[in-house]
file entry-v3.txt (compact mmCIF, C-alpha atoms)
# COMPACT_ATOMS: atom_id res chain seq x y z
CA MET A 1 -0.68 7.73 -3.44
CA GLN A 2 -3.91 5.76 -3.41
CA ILE A 3 -5.04 4.35 -0.07
CA ALA A 4 -7.86 1.77 -0.10
CA ILE A 5 -9.68 1.15 3.17
CA VAL A 6 -11.97 -1.87 2.92
CA THR A 7 -15.40 -0.88 4.23
CA TYR A 8 -17.77 -3.79 4.77
CA PRO A 9 -21.07 -4.45 6.59
CA GLY A 10 -20.64 -5.04 10.31
CA MET A 11 -17.14 -3.59 10.47
CA THR A 12 -15.86 -1.79 13.57
CA ALA A 13 -15.79 1.90 12.70
CA LEU A 14 -12.66 2.93 14.60
CA ASP A 15 -10.61 0.26 12.82
CA ALA A 16 -11.02 2.35 9.67
CA ILE A 17 -11.61 5.87 10.93
CA GLY A 18 -8.61 5.95 13.28
CA PRO A 19 -6.14 5.18 10.47
CA TYR A 20 -8.07 7.41 8.08
CA GLU A 21 -7.55 10.49 10.24
CA VAL A 22 -3.79 9.91 10.10
CA LEU A 23 -3.31 8.68 6.53
CA ARG A 24 -5.42 11.39 4.92
CA MET A 25 -2.81 13.95 6.00
CA LEU A 26 0.02 12.32 4.08
CA PRO A 27 1.26 14.33 1.07
CA GLY A 28 -0.58 13.24 -2.06
CA ALA A 29 -2.93 10.89 -0.21
CA GLN A 30 -6.04 9.84 -2.12
CA ILE A 31 -8.33 7.94 0.24
CA ARG A 32 -10.88 5.42 -1.01
CA PHE A 33 -13.36 3.52 1.13
CA VAL A 34 -13.93 0.43 -0.99
CA TRP A 35 -16.49 -2.35 -1.17
CA HIS A 36 -18.29 -4.31 -3.89
CA GLU A 37 -20.09 -1.16 -4.87
CA PRO A 38 -20.27 2.41 -3.54
CA GLY A 39 -22.96 3.11 -0.98
CA PRO A 40 -23.84 3.17 2.71
CA ILE A 41 -22.21 0.60 5.01
CA THR A 42 -23.71 -0.07 8.43
CA THR A 43 -21.09 -0.72 11.08
CA ASP A 44 -21.27 -3.29 13.88
CA SER A 45 -23.22 -0.98 16.19
CA GLY A 46 -26.16 -1.04 13.77
CA VAL A 47 -26.40 2.74 14.23
CA LEU A 48 -23.31 4.33 12.69
CA VAL A 49 -23.23 4.31 8.87
CA LEU A 50 -20.12 4.88 6.77
CA GLY A 51 -19.94 5.24 3.01
CA ALA A 52 -18.02 3.19 0.48
CA THR A 53 -16.81 5.72 -2.08
CA HIS A 54 -15.45 3.31 -4.69
CA SER A 55 -15.96 -0.27 -5.80
CA LEU A 56 -13.34 -3.00 -5.62
CA ALA A 57 -13.47 -3.29 -9.40
CA GLU A 58 -12.47 0.33 -9.95
CA THR A 59 -9.65 0.11 -7.38
CA GLN A 60 -7.15 -2.15 -9.08
CA ALA A 61 -3.76 -0.92 -7.85
CA PRO A 62 -3.85 0.89 -4.50
CA ASP A 63 -0.53 1.73 -2.91
CA ILE A 64 -1.83 0.97 0.58
CA VAL A 65 -4.55 -1.53 1.49
CA LEU A 66 -6.09 -1.53 4.95
CA VAL A 67 -8.60 -4.07 6.28
CA GLY A 68 -10.28 -3.56 9.64
CA GLY A 69 -12.02 -6.06 11.84
CA SER A 70 -15.52 -6.67 13.11
CA SER A 71 -17.82 -8.99 14.99
CA LEU A 72 -18.71 -10.43 11.56
CA THR A 73 -15.15 -11.09 10.43
CA THR A 74 -15.75 -14.70 9.45
CA THR A 75 -18.55 -13.82 7.05
CA THR A 76 -16.32 -11.30 5.31
CA ALA A 77 -13.41 -13.75 5.38
CA ASN A 78 -15.57 -16.08 3.28
CA ASP A 79 -16.30 -13.40 0.63
CA GLN A 80 -14.51 -14.92 -2.35
CA ALA A 81 -14.65 -11.76 -4.47
CA LEU A 82 -13.01 -9.75 -1.70
CA LEU A 83 -10.35 -12.42 -1.10
CA ALA A 84 -9.54 -12.54 -4.81
CA TRP A 85 -9.27 -8.75 -4.89
CA LEU A 86 -6.92 -8.75 -1.89
CA GLY A 87 -4.72 -11.37 -3.51
CA GLN A 88 -4.59 -9.33 -6.69
CA VAL A 89 -3.87 -5.90 -5.22
CA HIS A 90 -1.31 -7.33 -2.79
CA GLN A 91 0.88 -8.19 -5.76
CA THR A 92 1.44 -4.51 -6.54
CA SER A 93 0.75 -2.75 -3.22
CA THR A 94 3.48 -1.00 -1.29
CA TRP A 95 1.83 -1.92 2.02
CA THR A 96 -0.92 -4.43 2.80
CA THR A 97 -2.21 -3.88 6.32
CA SER A 98 -4.85 -4.83 8.84
CA VAL A 99 -6.28 -3.67 12.13
CA CYS A 100 -7.84 -5.94 14.74
CA THR A 101 -9.44 -9.08 13.26
CA GLY A 102 -8.88 -7.72 9.77
CA SER A 103 -5.82 -9.97 9.89
CA ILE A 104 -8.18 -12.95 9.80
CA ILE A 105 -9.39 -11.68 6.42
CA LEU A 106 -5.81 -11.33 5.19
CA GLY A 107 -5.21 -14.87 6.41
CA ALA A 108 -8.25 -16.16 4.54
CA ALA A 109 -6.85 -14.52 1.41
CA GLY A 110 -3.72 -16.65 1.83
CA LEU A 111 -1.44 -13.72 2.63
CA LEU A 112 -0.24 -14.75 6.10
CA GLU A 113 1.03 -18.30 5.54
CA GLY A 114 4.26 -18.68 7.49
CA LYS A 115 4.22 -15.06 8.62
CA ALA A 116 4.10 -13.48 12.04
CA ALA A 117 0.91 -11.48 12.64
CA THR A 118 -1.30 -10.07 15.34
CA SER A 119 -4.96 -9.31 15.90
CA HIS A 120 -7.40 -8.38 18.65
CA TRP A 121 -6.47 -10.29 21.81
CA MET A 122 -9.74 -12.22 21.65
CA GLY A 123 -9.04 -13.40 18.10
CA VAL A 124 -5.28 -13.66 17.78
CA ALA A 125 -5.24 -17.42 18.36
CA GLY A 126 -7.39 -17.88 15.25
CA LEU A 127 -4.50 -16.76 13.06
CA SER A 128 -2.92 -20.19 13.46
CA ALA A 129 -5.65 -21.70 11.30
CA PHE A 130 -4.26 -19.71 8.38
CA GLY A 131 -0.66 -20.79 8.88
CA ALA A 132 0.34 -17.55 10.58
CA HIS A 133 2.48 -17.23 13.71
CA PRO A 134 0.39 -15.27 16.25
CA LYS A 135 2.17 -12.54 18.19
CA ARG A 136 0.02 -11.84 21.23
CA ASP A 137 2.16 -9.18 22.86
CA GLN A 138 3.06 -6.98 19.90
CA ARG A 139 0.90 -4.02 18.96
CA ILE A 140 2.29 -3.81 15.43
CA VAL A 141 3.85 -6.72 13.53
CA ARG A 142 5.66 -6.24 10.23
CA GLU A 143 6.45 -9.07 7.82
CA GLY A 144 7.87 -7.56 4.64
CA LYS A 145 5.18 -5.28 3.25
CA ILE A 146 2.43 -6.86 5.36
CA VAL A 147 1.77 -5.03 8.62
CA THR A 148 -0.86 -6.18 11.11
CA ALA A 149 -2.02 -4.28 14.18
CA ALA A 150 -3.72 -5.36 17.39
CA GLY A 151 -7.27 -4.43 18.33
CA VAL A 152 -9.24 -1.34 17.32
CA SER A 153 -7.27 1.62 18.74
CA ALA A 154 -4.01 0.07 17.52
CA GLY A 155 -5.02 1.23 14.05
CA ILE A 156 -3.92 4.76 14.98
CA ASP A 157 -0.48 3.44 15.97
CA LEU A 158 -0.30 1.48 12.71
CA ALA A 159 -1.15 4.55 10.65
CA LEU A 160 1.43 6.71 12.43
CA TRP A 161 4.04 3.99 11.86
CA LEU A 162 3.14 3.95 8.17
CA ALA A 163 3.31 7.74 8.03
CA GLY A 164 6.85 7.58 9.38
CA GLU A 165 7.88 4.95 6.84
CA ILE A 166 6.32 6.86 3.94
CA ALA A 167 6.91 10.52 4.74
CA GLY A 168 9.51 10.47 7.48
CA GLU A 169 9.48 10.72 11.25
CA GLU A 170 9.01 14.49 11.35
CA THR A 171 5.85 14.31 9.26
CA ALA A 172 4.51 11.45 11.37
CA ARG A 173 5.18 13.43 14.53
CA ALA A 174 3.47 16.48 13.03
CA ILE A 175 0.39 14.41 12.22
CA GLN A 176 0.40 12.99 15.72
CA LEU A 177 0.45 16.54 17.07
CA LEU A 178 -2.33 17.69 14.74
CA ILE A 179 -4.67 14.94 15.92
CA GLU A 180 -3.37 15.45 19.47
CA TYR A 181 -2.79 11.76 19.89
CA ASP A 182 -1.35 11.80 23.39
CA PRO A 183 -2.89 8.80 25.18
CA GLN A 184 -3.27 9.31 28.90
CA PRO A 185 -6.11 6.93 29.76
CA PRO A 186 -7.65 7.09 33.22
CA TYR A 187 -7.22 3.32 33.48
CA ASP A 188 -4.43 0.95 32.50
CA SER A 189 -6.23 -2.16 31.31
CA GLY A 190 -5.66 -1.85 27.59
CA HIS A 191 -3.88 -5.18 27.21
CA PRO A 192 -4.68 -8.60 28.71
CA SER A 193 -1.37 -8.56 30.56
CA LYS A 194 -2.52 -5.45 32.45
CA ALA A 195 -6.10 -6.51 33.13
CA THR A 196 -7.33 -8.36 36.19
CA ALA A 197 -9.31 -11.57 35.91
CA ALA A 198 -12.46 -9.66 36.85
CA VAL A 199 -11.88 -7.10 34.09
CA LYS A 200 -11.32 -9.87 31.54
CA ARG A 201 -14.59 -11.52 32.57
CA LYS A 202 -16.37 -8.19 32.25
CA ALA A 203 -14.87 -7.65 28.80
CA ALA A 204 -16.05 -11.10 27.72
CA ALA A 205 -19.52 -10.33 29.07
CA ILE A 206 -19.67 -7.05 27.14
CA ALA A 207 -18.57 -8.83 23.96
CA ALA A 208 -21.26 -11.46 24.51
CA ARG A 209 -23.86 -8.76 25.06
CA GLU A 210 -22.84 -7.04 21.85
CA GLY A 211 -23.31 -10.35 20.06
CA ALA A 212 -26.73 -10.75 21.64
CA ASP A 213 -27.71 -7.26 20.50
CA LEU A 214 -26.64 -8.16 16.98
CA LEU A 215 -28.69 -11.34 17.14
CA ALA A 216 -31.74 -9.34 18.15
CA SER A 217 -31.24 -6.76 15.41
CA ASP A 218 -30.28 -9.10 12.56
CA PRO A 219 -30.58 -12.84 13.24
CA ARG A 220 -29.69 -13.59 9.62
CA ALA A 221 -26.30 -11.90 9.99
CA VAL A 222 -25.43 -14.12 12.95
CA ALA A 223 -26.62 -17.20 11.07
CA ARG A 224 -24.41 -16.27 8.12
CA GLU A 225 -21.45 -15.78 10.47
CA ALA A 226 -21.95 -19.18 12.09
CA ALA A 227 -22.29 -20.88 8.71
CA ALA A 228 -19.15 -19.19 7.38
CA ILE A 229 -16.82 -20.44 10.14
CA PRO A 230 -16.47 -24.07 8.95
CA ALA A 231 -16.34 -22.96 5.32
CA VAL A 232 -13.39 -20.64 5.93
CA LEU A 233 -11.46 -23.21 7.96
CA TRP A 234 -12.16 -26.03 5.50
CA LYS A 235 -11.01 -24.01 2.50
CA GLN A 236 -7.88 -22.97 4.34
CA ALA A 237 -7.07 -26.55 5.31
CA ILE A 238 -7.41 -27.67 1.69
CA ARG A 239 -5.23 -24.81 0.46
CA ARG A 240 -2.50 -25.63 2.96
CA ALA A 241 -2.63 -29.35 2.09
CA ARG A 242 -2.22 -28.58 -1.61
CA THR A 243 0.69 -26.28 -0.88
CA LYS A 244 2.46 -28.99 1.10
CA ARG A 245 2.03 -31.50 -1.72
CA ARG A 246 3.70 -29.12 -4.16
CA GLN A 247 6.78 -28.73 -1.96
call {"tool": "encode", "arguments": {"input": "entry-v3.txt", "output": "C-alpha cells"}}
result
Amino acid sequence: MQIAIVTYPGMTALDAIGPYEVLRMLPGAQIRFVWHEPGPITTDSGVLVLGATHSLAETQAPDIVLVGGSSLTTTTANDQALLAWLGQVHQTSTWTTSVCTGSIILGAAGLLEGKAATSHWMGVAGLSAFGAHPKRDQRIVREGKIVTAAGVSAGIDLALWLAGEIAGEETARAIQLLIEYDPQPPYDSGHPSKATAAVKRKAAAIAAREGADLLASDPRAVAREAAAIPAVLWKQAIRRARTKRRQ
C-alpha cells in the first residue's frame, strides 16, 4: 500500500508528520514524501527541514494521497503541475485526503466541487471559492473517498480514522496506544467555539507575527503568495463557469 504525502516548501510540519507516525504502522505501508523532485524541503518555520523522498513523476498511482497545509497554501494551490498530478492520482486512489489548509489545494485541483469539506478554522471559509460546502464544526469530513481534516493536530485523528477503515478498529486502537495518543491538554481552547474573544485575538496576533517573520526571512515568498491569490480564484471562477455551461 503506497502512501504519498505531499511535501512542499513552507508547509506546516505537523500536518504531515502527525499522520506519518500513524500511517507508517499500517501493514504493508510504503510511505513516500513527494514533491517535484527529491530533496530537502524547508517548512514554514524556516528552521525545520524535511526531505522529499520521491518525485511526483515517479509516484503515479498511490493508494493514499495526503496534502497538508501551510502559511503559503495559495502559492502551492497555484502550482499547475501539482494540481494536474492530484487530479490524475485521484482517479485511482483509494483515499484522497487533506489536513488543515491542504483542502484549499484539493479545491484548487477541482476535487471539492459540490462536496462538504473542512480546513483550519482561519481558512475554512475560503473553501466556498472552490464550490465546496465548508463544515466549520467537524474535525473530519468524509465525502466518498475524499476525507478532509481540520487544522494541524487533526491530522492525527484523520490518520487514525483511516487506519480503522483500512486495517480495522483493533489495529487503529493498537497504533493509538503505541504512539500514546491520549490528549489531555492543560487548556481547552482547541476550537473557536471553546475560545474566548481574547484568546482568538491572541491567536490572530500570533498568526500575524508568524507572517511578519516570514516576510523578514523571505520577502519573495510572501510576494509570490500575494500574487497567487487572484490567480487561483480567477482560474476557479472560470472553471466553475465552464462547468455550468455544460450542464
call {"tool": "closest_residue", "arguments": {"input": "entry-v3.txt", "among": "A:His90, A:Lys200, A:Arg209, A:Lys194", "to": "Ile146 of chain A", "atoms": "all atoms listed in the file"}}
result
A:His90
call {"tool": "atom_distance", "arguments": {"input": "entry-v3.txt", "atom1": "atom CA of Val47 of chain A", "atom2": "atom CA of Gln176 of chain A"}}
result
28.7 Å
call {"tool": "residues_around", "arguments": {"input": "entry-v3.txt", "residues": "Gly87 of chain A", "least_positions_apart": "3", "cutoff": "8 Å", "atoms": "all atoms listed in the file", "output": "list in words"}}
result
Leu83, Ala84, His90, Gln91, Ala109, Gly110 and Leu111 of chain A
call {"tool": "residues_around", "arguments": {"input": "entry-v3.txt", "residues": "Ala149 of chain A", "least_positions_apart": "3", "cutoff": "6 Å", "atoms": "all atoms listed in the file", "output": "number ranges by chain"}}
result
A: 99, 118, 139-140, 154
call {"tool": "write_last_selection", "arguments": {"input": "entry-v3.txt", "atoms": "C-alpha atoms", "output": "mmCIF file, in the frame of the given file"}}
result
data_model
loop_
_atom_site.group_PDB
_atom_site.id
_atom_site.type_symbol
_atom_site.label_atom_id
_atom_site.label_comp_id
_atom_site.auth_asym_id
_atom_site.auth_seq_id
_atom_site.Cartn_x
_atom_site.Cartn_y
_atom_site.Cartn_z
ATOM 1 C CA VAL A 99 -6.280 -3.670 12.130
ATOM 2 C CA THR A 118 -1.300 -10.070 15.340
ATOM 3 C CA ARG A 139 0.900 -4.020 18.960
ATOM 4 C CA ILE A 140 2.290 -3.810 15.430
ATOM 5 C CA ALA A 154 -4.010 0.070 17.520
#
call {"tool": "residues_around", "arguments": {"input": "entry-v3.txt", "residues": "Val141 of chain A", "least_positions_apart": "6", "cutoff": "9 Å", "atoms": "all atoms listed in the file", "output": "ChimeraX atom specification"}}
result
/A:116-118,135,147-150
call {"tool": "write_last_selection", "arguments": {"input": "entry-v3.txt", "atoms": "C-alpha atoms", "output": "short mmCIF file (atom, residue, chain, number, x, y, z; two decimals), in the frame of the given file"}}
result
data_model
loop_
_atom_site.label_atom_id
_atom_site.label_comp_id
_atom_site.auth_asym_id
_atom_site.auth_seq_id
_atom_site.Cartn_x
_atom_site.Cartn_y
_atom_site.Cartn_z
CA ALA A 116 4.10 -13.48 12.04
CA ALA A 117 0.91 -11.48 12.64
CA THR A 118 -1.30 -10.07 15.34
CA LYS A 135 2.17 -12.54 18.19
CA VAL A 147 1.77 -5.03 8.62
CA THR A 148 -0.86 -6.18 11.11
CA ALA A 149 -2.02 -4.28 14.18
CA ALA A 150 -3.72 -5.36 17.39
#
call {"tool": "closest_residue", "arguments": {"input": "entry-v3.txt", "among": "A:Leu48, A:Ala197, A:Ile5, A:Val22", "to": "Asp157 of chain A", "atoms": "only C-alpha atoms"}}
result
A:Val22
call {"tool": "closest_residue", "arguments": {"input": "entry-v3.txt", "among": "A:Ile104, A:Ile156, A:Ala207, A:Leu177", "to": "Gly131 of chain A", "atoms": "only C-alpha atoms"}}
result
A:Ile104
